[in-house]
file my_file.pdb (PDB, C-alpha atoms)
ATOM      1  CA  MET E   1      10.992 -20.628  14.272
ATOM      2  CA  TYR E   2       8.724 -17.615  14.333
ATOM      3  CA  SER E   3       8.958 -15.098  17.154
ATOM      4  CA  PHE E   4       6.552 -12.298  18.070
ATOM      5  CA  TYR E   5       9.439  -9.841  17.880
ATOM      6  CA  GLY E   6      10.728 -11.164  14.550
ATOM      7  CA  THR E   7       9.062 -11.495  11.145
ATOM      8  CA  TRP E   8       5.396 -12.410  11.507
ATOM      9  CA  PRO E   9       4.394 -15.435   9.391
ATOM     10  CA  TRP E  10       2.500 -14.750   6.186
ATOM     11  CA  TYR E  11      -0.624 -16.642   7.259
ATOM     12  CA  VAL E  12      -0.991 -14.639  10.482
ATOM     13  CA  SER E  13      -0.306 -11.363   8.661
ATOM     14  CA  GLY E  14      -2.640 -12.147   5.761
ATOM     15  CA  PHE E  15      -5.405 -13.198   8.142
ATOM     16  CA  LEU E  16      -5.140  -9.944  10.112
ATOM     17  CA  ILE E  17      -5.100  -7.796   6.959
ATOM     18  CA  GLY E  18      -8.256  -9.587   5.772
ATOM     19  CA  ALA E  19      -9.768  -8.956   9.215
ATOM     20  CA  VAL E  20      -8.910  -5.232   8.999
ATOM     21  CA  MET E  21     -10.755  -5.003   5.684
ATOM     22  CA  LEU E  22     -13.791  -6.884   7.050
ATOM     23  CA  ALA E  23     -13.841  -4.672  10.174
ATOM     24  CA  LEU E  24     -14.045  -1.549   7.998
ATOM     25  CA  ILE E  25     -16.874  -3.076   5.952
ATOM     26  CA  TYR E  26     -18.678  -3.887   9.205
ATOM     27  CA  PHE E  27     -18.234  -0.249  10.211
ATOM     28  CA  GLY E  28     -19.994   0.710   6.957
ATOM     29  CA  LYS E  29     -16.784   1.865   5.217
ATOM     30  CA  ASN E  30     -14.338   0.513   2.646
ATOM     31  CA  PHE E  31     -10.687  -0.407   2.934
ATOM     32  CA  GLY E  32      -8.627   1.858   0.666
ATOM     33  CA  MET E  33      -5.464   3.752   1.486
ATOM     34  CA  SER E  34      -4.776   5.703  -1.716
ATOM     35  CA  SER E  35      -8.059   7.669  -1.502
ATOM     36  CA  ASN E  36      -6.469   9.439   1.475
ATOM     37  CA  LEU E  37      -4.045  11.051  -0.969
ATOM     38  CA  ARG E  38      -6.994  12.590  -2.814
ATOM     39  CA  THR E  39      -8.518  13.703   0.489
ATOM     40  CA  MET E  40      -5.242  15.379   1.452
ATOM     41  CA  CYS E  41      -5.038  17.178  -1.916
ATOM     42  CA  THR E  42      -8.565  18.465  -1.348
ATOM     43  CA  ALA E  43      -7.764  19.565   2.208
ATOM     44  CA  LEU E  44      -4.737  21.419   0.797
ATOM     45  CA  GLY E  45      -6.979  23.358  -1.599
ATOM     46  CA  ALA E  46      -6.672  21.375  -4.848
ATOM     47  CA  GLY E  47     -10.430  21.852  -5.431
ATOM     48  CA  LYS E  48      -9.725  25.402  -6.594
ATOM     49  CA  THR E  49      -7.980  24.155  -9.725
ATOM     50  CA  ALA E  50      -9.513  20.736 -10.471
ATOM     51  CA  ASP E  51     -13.102  19.522 -10.090
ATOM     52  CA  PHE E  52     -11.846  16.057  -9.155
ATOM     53  CA  PHE E  53     -10.977  17.486  -5.746
ATOM     54  CA  LYS E  54     -14.282  19.284  -5.159
ATOM     55  CA  PHE E  55     -15.863  17.286  -2.371
ATOM     56  CA  ASP E  56     -16.253  17.698   1.363
ATOM     57  CA  TRP E  57     -13.022  16.138   2.616
ATOM     58  CA  LYS E  58     -14.370  16.086   6.152
ATOM     59  CA  THR E  59     -16.551  13.110   5.167
ATOM     60  CA  GLN E  60     -13.241  11.218   4.910
ATOM     61  CA  ARG E  61     -12.024  12.029   8.411
ATOM     62  CA  TRP E  62     -12.636   8.418   9.423
ATOM     63  CA  ASN E  63     -10.082   7.245   6.823
ATOM     64  CA  LEU E  64      -7.552   9.881   7.887
ATOM     65  CA  THR E  65      -8.000   8.476  11.395
ATOM     66  CA  VAL E  66      -7.122   5.015  10.038
ATOM     67  CA  VAL E  67      -3.972   6.617   8.572
ATOM     68  CA  LEU E  68      -3.104   8.164  11.926
ATOM     69  CA  GLY E  69      -3.560   4.775  13.597
ATOM     70  CA  ALA E  70      -1.404   3.109  10.933
ATOM     71  CA  MET E  71       1.402   5.629  11.523
ATOM     72  CA  LEU E  72       1.173   4.990  15.247
ATOM     73  CA  GLY E  73       1.214   1.244  14.531
ATOM     74  CA  GLY E  74       4.375   1.653  12.459
ATOM     75  CA  PHE E  75       6.008   3.527  15.324
ATOM     76  CA  ILE E  76       5.026   0.965  17.961
ATOM     77  CA  ALA E  77       6.001  -2.015  15.803
ATOM     78  CA  THR E  78       9.482  -0.707  14.987
ATOM     79  CA  HIS E  79      10.270   0.737  18.422
ATOM     80  CA  TYR E  80       8.717  -1.783  20.807
ATOM     81  CA  LEU E  81       7.890  -4.982  18.913
ATOM     82  CA  SER E  82      11.095  -5.643  16.996
ATOM     83  CA  ASP E  83      14.280  -7.393  18.095
ATOM     84  CA  GLY E  84      16.211  -6.630  14.909
ATOM     85  CA  SER E  85      16.048 -10.208  13.628
ATOM     86  CA  GLY E  86      13.689  -9.528  10.710
ATOM     87  CA  VAL E  87      13.952  -9.211   6.925
ATOM     88  CA  ASN E  88      15.748 -12.478   6.238
ATOM     89  CA  LEU E  89      15.930 -12.600   2.477
ATOM     90  CA  ASN E  90      16.576 -15.298  -0.065
ATOM     91  CA  PRO E  91      20.404 -15.584  -0.481
ATOM     92  CA  GLN E  92      19.935 -15.088  -4.236
ATOM     93  CA  THR E  93      18.193 -11.763  -3.521
ATOM     94  CA  LEU E  94      21.206 -10.657  -1.473
ATOM     95  CA  VAL E  95      23.560 -11.461  -4.372
ATOM     96  CA  GLU E  96      21.455  -9.362  -6.740
ATOM     97  CA  LEU E  97      21.225  -6.482  -4.271
ATOM     98  CA  ARG E  98      25.006  -6.456  -3.892
ATOM     99  CA  GLN E  99      25.368  -6.121  -7.661
ATOM    100  CA  MET E 100      23.176  -3.004  -7.509
ATOM    101  CA  ASN E 101      25.123  -1.543  -4.558
ATOM    102  CA  ILE E 102      22.168  -1.945  -2.206
ATOM    103  CA  ASP E 103      23.192  -2.699   1.386
ATOM    104  CA  GLU E 104      21.969  -5.901   3.078
ATOM    105  CA  PRO E 105      18.992  -5.495   5.419
ATOM    106  CA  ASN E 106      20.536  -6.885   8.650
ATOM    107  CA  GLY E 107      17.141  -6.370  10.267
ATOM    108  CA  LYS E 108      16.447  -2.988   8.616
ATOM    109  CA  LEU E 109      13.174  -2.508   6.735
ATOM    110  CA  LEU E 110      14.631  -0.122   4.137
ATOM    111  CA  PRO E 111      18.059   0.102   2.512
ATOM    112  CA  ASP E 112      20.401   2.851   3.692
ATOM    113  CA  ALA E 113      21.110   3.370  -0.002
ATOM    114  CA  LEU E 114      17.632   4.943  -0.285
ATOM    115  CA  VAL E 115      16.772   6.533   3.061
ATOM    116  CA  SER E 116      19.908   7.144   5.152
ATOM    117  CA  PRO E 117      20.670  10.824   5.898
ATOM    118  CA  GLU E 118      23.644  10.606   3.494
ATOM    119  CA  ALA E 119      21.482   9.115   0.714
ATOM    120  CA  LEU E 120      18.943  11.910   1.177
ATOM    121  CA  GLN E 121      21.654  14.433   0.297
ATOM    122  CA  SER E 122      21.973  12.906  -3.151
ATOM    123  CA  PRO E 123      19.857  14.637  -5.823
ATOM    124  CA  LYS E 124      19.612  11.322  -7.681
ATOM    125  CA  ILE E 125      18.114   9.512  -4.672
ATOM    126  CA  LEU E 126      15.711  12.385  -3.969
ATOM    127  CA  LEU E 127      14.615  12.252  -7.598
ATOM    128  CA  ILE E 128      14.049   8.480  -7.382
ATOM    129  CA  LEU E 129      11.902   8.882  -4.253
ATOM    130  CA  LEU E 130       9.931  11.751  -5.794
ATOM    131  CA  LEU E 131       9.420  10.012  -9.144
ATOM    132  CA  GLY E 132       8.385   6.779  -7.416
ATOM    133  CA  GLY E 133       5.883   8.747  -5.347
ATOM    134  CA  ILE E 134       4.458  10.488  -8.429
ATOM    135  CA  LEU E 135       3.982   7.132 -10.187
ATOM    136  CA  VAL E 136       2.285   5.676  -7.099
ATOM    137  CA  GLY E 137       0.001   8.710  -6.666
ATOM    138  CA  PHE E 138      -0.917   9.106 -10.330
ATOM    139  CA  GLY E 139      -1.218   5.375 -11.031
ATOM    140  CA  THR E 140      -3.392   4.518  -8.047
ATOM    141  CA  ARG E 141      -5.839   7.328  -8.801
ATOM    142  CA  TYR E 142      -5.957   6.456 -12.512
ATOM    143  CA  ALA E 143      -6.580   2.807 -11.607
ATOM    144  CA  GLY E 144      -9.023   3.832  -8.867
ATOM    145  CA  GLY E 145      -7.196   2.069  -6.046
ATOM    146  CA  CYS E 146      -3.993   0.493  -4.795
ATOM    147  CA  THR E 147      -3.007  -2.742  -3.112
ATOM    148  CA  SER E 148      -5.626  -2.308  -0.382
ATOM    149  CA  GLY E 149      -8.500  -1.103  -2.588
ATOM    150  CA  HIS E 150      -7.964  -3.452  -5.524
ATOM    151  CA  ALA E 151      -5.719  -6.371  -4.532
ATOM    152  CA  ILE E 152      -7.362  -6.956  -1.136
ATOM    153  CA  SER E 153     -10.851  -5.354  -1.166
ATOM    154  CA  GLY E 154     -11.634  -5.671  -4.877
ATOM    155  CA  LEU E 155     -10.437  -9.246  -5.313
ATOM    156  CA  SER E 156     -12.224 -10.231  -2.100
ATOM    157  CA  ASN E 157     -15.439  -8.924  -3.667
ATOM    158  CA  LEU E 158     -14.646 -10.803  -6.908
ATOM    159  CA  GLN E 159     -14.364  -7.639  -9.001
ATOM    160  CA  LEU E 160     -12.990  -8.118 -12.528
ATOM    161  CA  PRO E 161     -11.717  -4.494 -12.755
ATOM    162  CA  SER E 162      -9.622  -5.136  -9.653
ATOM    163  CA  LEU E 163      -8.107  -8.229 -11.254
ATOM    164  CA  ILE E 164      -7.183  -6.124 -14.313
ATOM    165  CA  ALA E 165      -5.616  -3.509 -12.034
ATOM    166  CA  VAL E 166      -3.660  -6.123 -10.060
ATOM    167  CA  ILE E 167      -2.344  -7.634 -13.299
ATOM    168  CA  GLY E 168      -1.280  -4.083 -14.235
ATOM    169  CA  PHE E 169       0.455  -3.680 -10.835
ATOM    170  CA  PHE E 170       2.524  -6.773 -11.551
ATOM    171  CA  ILE E 171       3.316  -5.878 -15.164
ATOM    172  CA  GLY E 172       4.611  -2.482 -13.987
ATOM    173  CA  GLY E 173       6.423  -3.952 -11.004
ATOM    174  CA  LEU E 174       8.113  -6.675 -13.039
ATOM    175  CA  ILE E 175       9.263  -4.210 -15.718
ATOM    176  CA  MET E 176      10.691  -1.924 -13.044
ATOM    177  CA  SER E 177      12.255  -4.586 -10.870
ATOM    178  CA  TRP E 178      13.831  -6.663 -13.668
ATOM    179  CA  LEU E 179      14.650  -4.126 -16.382
ATOM    180  CA  LEU E 180      14.710  -0.553 -15.116
ATOM    181  CA  LEU E 181      15.829  -0.782 -11.486
ATOM    182  CA  PRO E 182      19.313  -2.207 -12.273
ATOM    183  CA  LEU E 183      19.810   0.603 -14.818
ATOM    184  CA  ILE E 184      18.575   3.300 -12.433
ATOM    185  CA  LEU E 185      20.634   2.141  -9.434
ATOM    186  CA  ASN E 186      23.890   1.524 -11.289
TER     187      ASN E 186
ATOM    188  CA  MET O   1     -15.250   8.190  20.621
ATOM    189  CA  LYS O   2     -16.689   7.176  17.269
ATOM    190  CA  PHE O   3     -13.232   7.682  15.761
ATOM    191  CA  LEU O   4     -11.551   5.382  18.289
ATOM    192  CA  LYS O   5     -12.485   2.256  16.348
ATOM    193  CA  TYR O   6     -10.888   3.658  13.197
ATOM    194  CA  LEU O   7      -7.760   4.521  15.133
ATOM    195  CA  LEU O   8      -7.585   0.956  16.466
ATOM    196  CA  VAL O   9      -8.149  -0.598  13.028
ATOM    197  CA  GLY O  10      -5.374   1.625  11.669
ATOM    198  CA  LEU O  11      -3.132   0.668  14.570
ATOM    199  CA  VAL O  12      -3.556  -3.049  13.861
ATOM    200  CA  PHE O  13      -2.997  -2.418  10.144
ATOM    201  CA  GLY O  14       0.200  -0.466  10.800
ATOM    202  CA  ILE O  15       1.601  -3.062  13.208
ATOM    203  CA  VAL O  16       0.755  -6.001  10.923
ATOM    204  CA  LEU O  17       2.216  -4.397   7.805
ATOM    205  CA  THR O  18       5.392  -3.535   9.690
ATOM    206  CA  LYS O  19       5.792  -6.903  11.424
ATOM    207  CA  SER O  20       4.997  -8.829   8.235
ATOM    208  CA  GLU O  21       7.572  -6.571   6.510
ATOM    209  CA  ALA O  22       5.126  -5.775   3.701
ATOM    210  CA  VAL O  23       6.371  -2.197   4.176
ATOM    211  CA  SER O  24       9.924  -3.283   3.370
ATOM    212  CA  TRP O  25      11.520  -2.292   0.069
ATOM    213  CA  TYR O  26      13.497  -5.549   0.302
ATOM    214  CA  ARG O  27      10.376  -7.721   0.514
ATOM    215  CA  ILE O  28       8.828  -6.030  -2.519
ATOM    216  CA  TYR O  29      12.014  -6.598  -4.537
ATOM    217  CA  GLU O  30      12.044 -10.249  -3.416
ATOM    218  CA  MET O  31       8.369 -10.598  -4.401
ATOM    219  CA  PHE O  32       8.828  -9.200  -7.906
ATOM    220  CA  HIS O  33      11.760 -11.587  -8.399
ATOM    221  CA  PHE O  34       9.726 -14.571  -7.139
ATOM    222  CA  GLN O  35      12.443 -15.331  -4.602
ATOM    223  CA  SER O  36      10.109 -15.757  -1.645
ATOM    224  CA  PHE O  37       6.571 -16.943  -1.080
ATOM    225  CA  HIS O  38       6.130 -14.550   1.856
ATOM    226  CA  MET O  39       4.398 -11.592   0.133
ATOM    227  CA  PHE O  40       2.290 -13.826  -2.119
ATOM    228  CA  GLY O  41       1.214 -15.784   0.951
ATOM    229  CA  ILE O  42       0.168 -12.578   2.734
ATOM    230  CA  ILE O  43      -1.895 -11.285  -0.200
ATOM    231  CA  MET O  44      -3.507 -14.658  -0.938
ATOM    232  CA  THR O  45      -4.416 -15.282   2.716
ATOM    233  CA  ALA O  46      -5.911 -11.783   3.030
ATOM    234  CA  VAL O  47      -7.986 -12.322  -0.126
ATOM    235  CA  VAL O  48      -9.213 -15.771   0.989
ATOM    236  CA  VAL O  49     -10.231 -14.358   4.392
ATOM    237  CA  GLY O  50     -11.853 -11.423   2.573
ATOM    238  CA  VAL O  51     -13.799 -13.589   0.104
ATOM    239  CA  VAL O  52     -15.112 -15.860   2.864
ATOM    240  CA  GLY O  53     -15.979 -12.918   5.127
ATOM    241  CA  ILE O  54     -17.787 -10.950   2.422
ATOM    242  CA  GLN O  55     -19.749 -14.029   1.344
ATOM    243  CA  LEU O  56     -20.789 -14.612   4.964
ATOM    244  CA  PHE O  57     -21.857 -10.964   5.252
ATOM    245  CA  LYS O  58     -23.900 -11.177   2.047
ATOM    246  CA  ARG O  59     -25.526 -14.547   2.622
ATOM    247  CA  ASN O  60     -26.558 -13.748   6.170
ATOM    248  CA  ASN O  61     -27.667 -10.197   5.280
ATOM    249  CA  VAL O  62     -25.446  -8.882   8.031
ATOM    250  CA  LYS O  63     -26.117  -5.261   9.020
ATOM    251  CA  ASP O  64     -23.269  -2.876   9.653
ATOM    252  CA  ILE O  65     -22.587  -1.274  13.020
ATOM    253  CA  THR O  66     -25.202   1.454  12.399
ATOM    254  CA  GLY O  67     -27.892  -1.095  11.454
ATOM    255  CA  GLN O  68     -27.721  -0.393   7.715
ATOM    256  CA  PRO O  69     -27.494  -3.302   5.248
ATOM    257  CA  ILE O  70     -23.906  -3.885   4.122
ATOM    258  CA  VAL O  71     -23.557  -2.774   0.498
ATOM    259  CA  ILE O  72     -20.178  -3.014  -1.206
ATOM    260  CA  PRO O  73     -20.303  -0.965  -4.406
ATOM    261  CA  ASN O  74     -19.104  -2.731  -7.561
ATOM    262  CA  LYS O  75     -16.138  -1.178  -9.368
ATOM    263  CA  ASP O  76     -17.062   0.642 -12.587
ATOM    264  CA  LYS O  77     -16.589  -1.373 -15.754
ATOM    265  CA  GLY O  78     -13.526  -0.548 -17.782
ATOM    266  CA  PHE O  79     -10.133  -1.707 -18.918
ATOM    267  CA  THR O  80      -7.817   1.107 -20.043
ATOM    268  CA  ASN O  81      -7.777   3.040 -16.787
ATOM    269  CA  TYR O  82      -7.305  -0.090 -14.662
ATOM    270  CA  MET O  83      -4.520  -1.488 -16.840
ATOM    271  CA  THR O  84      -2.671   1.784 -17.544
ATOM    272  CA  GLY O  85      -3.060   3.135 -14.016
ATOM    273  CA  GLY O  86      -2.117  -0.274 -12.644
ATOM    274  CA  ILE O  87       1.087  -0.415 -14.704
ATOM    275  CA  LEU O  88       2.079   3.132 -13.682
ATOM    276  CA  PHE O  89       1.483   2.306 -10.024
ATOM    277  CA  GLY O  90       3.418  -0.962 -10.440
ATOM    278  CA  LEU O  91       6.410   0.929 -11.856
ATOM    279  CA  GLY O  92       6.427   3.151  -8.768
ATOM    280  CA  TRP O  93       5.883   0.216  -6.403
ATOM    281  CA  GLY O  94       8.780  -1.707  -7.950
ATOM    282  CA  LEU O  95      11.034   1.358  -7.753
ATOM    283  CA  ILE O  96      10.518   2.582  -4.199
ATOM    284  CA  GLY O  97       8.765  -0.456  -2.722
ATOM    285  CA  THR O  98       5.959   1.476  -1.067
ATOM    286  CA  CYS O  99       2.272   1.389  -1.869
ATOM    287  CA  PRO O 100       0.148   4.123  -0.238
ATOM    288  CA  GLY O 101      -0.507   2.398   3.129
ATOM    289  CA  PRO O 102       3.200   1.773   3.820
ATOM    290  CA  ILE O 103       4.086   5.373   2.873
ATOM    291  CA  PHE O 104       2.195   6.545   5.958
ATOM    292  CA  ILE O 105       3.288   3.627   8.135
ATOM    293  CA  LEU O 106       6.977   4.157   7.351
ATOM    294  CA  ILE O 107       6.788   7.876   8.091
ATOM    295  CA  GLY O 108       5.174   6.966  11.429
ATOM    296  CA  ALA O 109       8.002   4.496  12.021
ATOM    297  CA  GLY O 110      10.498   7.342  11.638
ATOM    298  CA  PHE O 111      11.710   6.942   8.041
ATOM    299  CA  TYR O 112      11.412  10.628   7.251
ATOM    300  CA  GLY O 113      12.954  10.232   3.779
ATOM    301  CA  ILE O 114       9.672   8.575   2.789
ATOM    302  CA  GLY O 115       8.207  12.069   3.238
ATOM    303  CA  VAL O 116       9.661  12.761  -0.214
ATOM    304  CA  VAL O 117       7.659   9.795  -1.539
ATOM    305  CA  LEU O 118       4.511  11.178   0.117
ATOM    306  CA  LEU O 119       5.146  14.564  -1.497
ATOM    307  CA  GLY O 120       5.520  12.821  -4.872
ATOM    308  CA  ALA O 121       2.349  10.807  -4.295
ATOM    309  CA  LEU O 122       0.377  13.981  -3.545
ATOM    310  CA  VAL O 123       1.801  15.629  -6.675
ATOM    311  CA  GLY O 124       0.919  12.523  -8.727
ATOM    312  CA  THR O 125      -2.629  12.462  -7.353
ATOM    313  CA  TYR O 126      -3.009  16.169  -8.122
ATOM    314  CA  LEU O 127      -1.675  15.689 -11.677
ATOM    315  CA  TYR O 128      -4.258  12.962 -12.226
ATOM    316  CA  GLY O 129      -6.986  15.323 -11.028
ATOM    317  CA  LEU O 130      -5.815  17.965 -13.498
ATOM    318  CA  LEU O 131      -5.506  15.598 -16.467
ATOM    319  CA  ARG O 132      -8.456  13.347 -15.693
ATOM    320  CA  ASN O 133     -10.759  14.576 -18.479
ATOM    321  CA  LYS O 134      -8.034  14.218 -21.101
ATOM    322  CA  LEU O 135      -7.099  10.635 -20.184
ATOM    323  CA  PRO O 136      -8.695   7.537 -21.742
ATOM    324  CA  HIS O 137     -10.772   5.609 -19.210
TER     325      HIS O 137
END
call {"tool": "encode", "arguments": {"input": "my_file.pdb", "output": "structure tokens"}}
result
Amino acid sequence: MYSFYGTWPWYVSGFLIGAVMLALIYFGKNFGMSSNLRTMCTALGAGKTADFFKFDWKTQRWNLTVVLGAMLGGFIATHYLSDGSGVNLNPQTLVELRQMNIDEPNGKLLPDALVSPEALQSPKILLILLLGGILVGFGTRYAGGCTSGHAISGLSNLQLPSLIAVIGFFIGGLIMSWLLLPLILN
Amino acid sequence: MKFLKYLLVGLVFGIVLTKSEAVSWYRIYEMFHFQSFHMFGIIMTAVVVGVVGIQLFKRNNVKDITGQPIVIPNKDKGFTNYMTGGILFGLGWGLIGTCPGPIFILIGAGFYGIGVVLLGALVGTYLYGLLRNKLPH
């Protein structure tokens, strides 16, 4: 059924993500990935033009170290812990993807239609990636957190604002995935 | 050495998100179309583990690694910023399938096109910083 080199089961993955959050709390920190984007803006000098970025970014070096570890983890997992058997989707999903001219995964994490060298020559694809990034960056800061800060940390601490944010995540995601994405990709 | 533990936590996070395929655009599409339980199972399990763990920390007055009491700050009260920001983030998540953690993880995994997403995310964060005082919160 499950193999170490294939897709990890949801209960193992969810347990470990919960453990990561608890480890950071035990270290006296909080689990939140999107705040690193703010830290990076500050390190790049954004504090000169907006007060929001006026803080000592070096106090966030611990979180940048988590990011570095996560990047290393992504490298190790794709290069040494994968046998190419992953990303087995619902057959209905595959039918829908075909209608939008998105290639089947066949073990790949991301569609070639979005990230292959050929796709990255297309101004339309570059615009999609950039616009998606802007929405993610702006939205997470406006909401004060992303999937890690609100959906995992906030809900785990029974925070009502996090529930509101997570409901927002799904409203936005459903609108995009059901209504806008087919229009954008066709 | 004090940074080693953060590096290791990040390493586990990056491996788990990659091997669970939570970093995959395909899995996010499948989730938003309710065609698989996988992503919902991951999030729900993480939250259950988190709720139980935090309650154990609180009830046993567990100290953190430096000996300080564990205090998890409450989120500020509000609605508009959480809902509007949440919807905007959701639109981006549904489009490119990457929340902030996976942006970094995927770049580490060698998907350099996601660098464009990171650039966008930095621009978006900066725009929020510029407009913050004019936005309803």
call {"tool": "residues_near_point", "arguments": {"input": "my_file.pdb", "point": "(-7.4, -15.9, 10.1)", "cutoff": "10 Å", "atoms": "only C-alpha atoms", "output": "PDB file with C-alpha atoms, keeping the file's coordinate frame"}}
result
ATOM      1  CA  TYR E  11      -0.624 -16.642   7.259  1.00  0.00           C
ATOM      2  CA  VAL E  12      -0.991 -14.639  10.482  1.00  0.00           C
ATOM      3  CA  SER E  13      -0.306 -11.363   8.661  1.00  0.00           C
ATOM      4  CA  GLY E  14      -2.640 -12.147   5.761  1.00  0.00           C
ATOM      5  CA  PHE E  15      -5.405 -13.198   8.142  1.00  0.00           C
ATOM      6  CA  LEU E  16      -5.140  -9.944  10.112  1.00  0.00           C
ATOM      7  CA  ILE E  17      -5.100  -7.796   6.959  1.00  0.00           C
ATOM      8  CA  GLY E  18      -8.256  -9.587   5.772  1.00  0.00           C
ATOM      9  CA  ALA E  19      -9.768  -8.956   9.215  1.00  0.00           C
TER      10      ALA E  19
ATOM     11  CA  THR O  45      -4.416 -15.282   2.716  1.00  0.00           C
ATOM     12  CA  ALA O  46      -5.911 -11.783   3.030  1.00  0.00           C
ATOM     13  CA  VAL O  48      -9.213 -15.771   0.989  1.00  0.00           C
ATOM     14  CA  VAL O  49     -10.231 -14.358   4.392  1.00  0.00           C
ATOM     15  CA  GLY O  50     -11.853 -11.423   2.573  1.00  0.00           C
TER      16      GLY O  50
END
call {"tool": "resolve_selection", "arguments": {"input": "my_file.pdb", "expression": "the ChimeraX specification (/E :<6) & /O", "output": "NGL selection string"}}
result
:O and (6-7 or 10-11 or 13-16 or 18-20 or 24-25 or 32 or 38 or 41-42 or 45-47 or 49-51 or 64-65 or 81-83 or 85-92 or 94 or 96 or 100-101 or 104-105 or 108-109 or 113 or 116-117 or 120-122 or 124-125 or 128-130)
call {"tool": "closest_residue", "arguments": {"input": "my_file.pdb", "among": "E:Lys48, E:Tyr80, E:Asn186, E:Asp56", "to": "Ala113 in chain E", "atoms": "all atoms listed in the file"}}
result
E:Asn186
call {"tool": "atom_distance", "arguments": {"input": "my_file.pdb", "atom1": "CA of Val23 in chain O", "atom2": "CA of Gly97 in chain O"}}
result
7.5 Å
call {"tool": "atom_distance", "arguments": {"input": "my_file.pdb", "atom1": "CA of Ile54 in chain O", "atom2": "CA of Trp57 in chain E"}}
result
27.5 Å
call {"tool": "closest_residue", "arguments": {"input": "my_file.pdb", "among": "O:Pro102, O:Pro73, O:Gly67, O:Gly53", "to": "Ala22 in chain O", "atoms": "only C-alpha atoms"}}
result
O:Pro102
call {"tool": "atom_distance", "arguments": {"input": "my_file.pdb", "atom1": "CA of Phe111 in chain O", "atom2": "CA of His33 in chain O"}}
result
24.8 Å
call {"tool": "axis_aligned_box", "arguments": {"input": "my_file.pdb", "around": "range 169-181 of chain E", "padding_each_side": "4 Å", "output": "JSON"}}
result
{"center_x": 8.1, "center_y": -3.7, "center_z": -13.6, "size_x": 23.4, "size_y": 14.2, "size_z": 13.5}
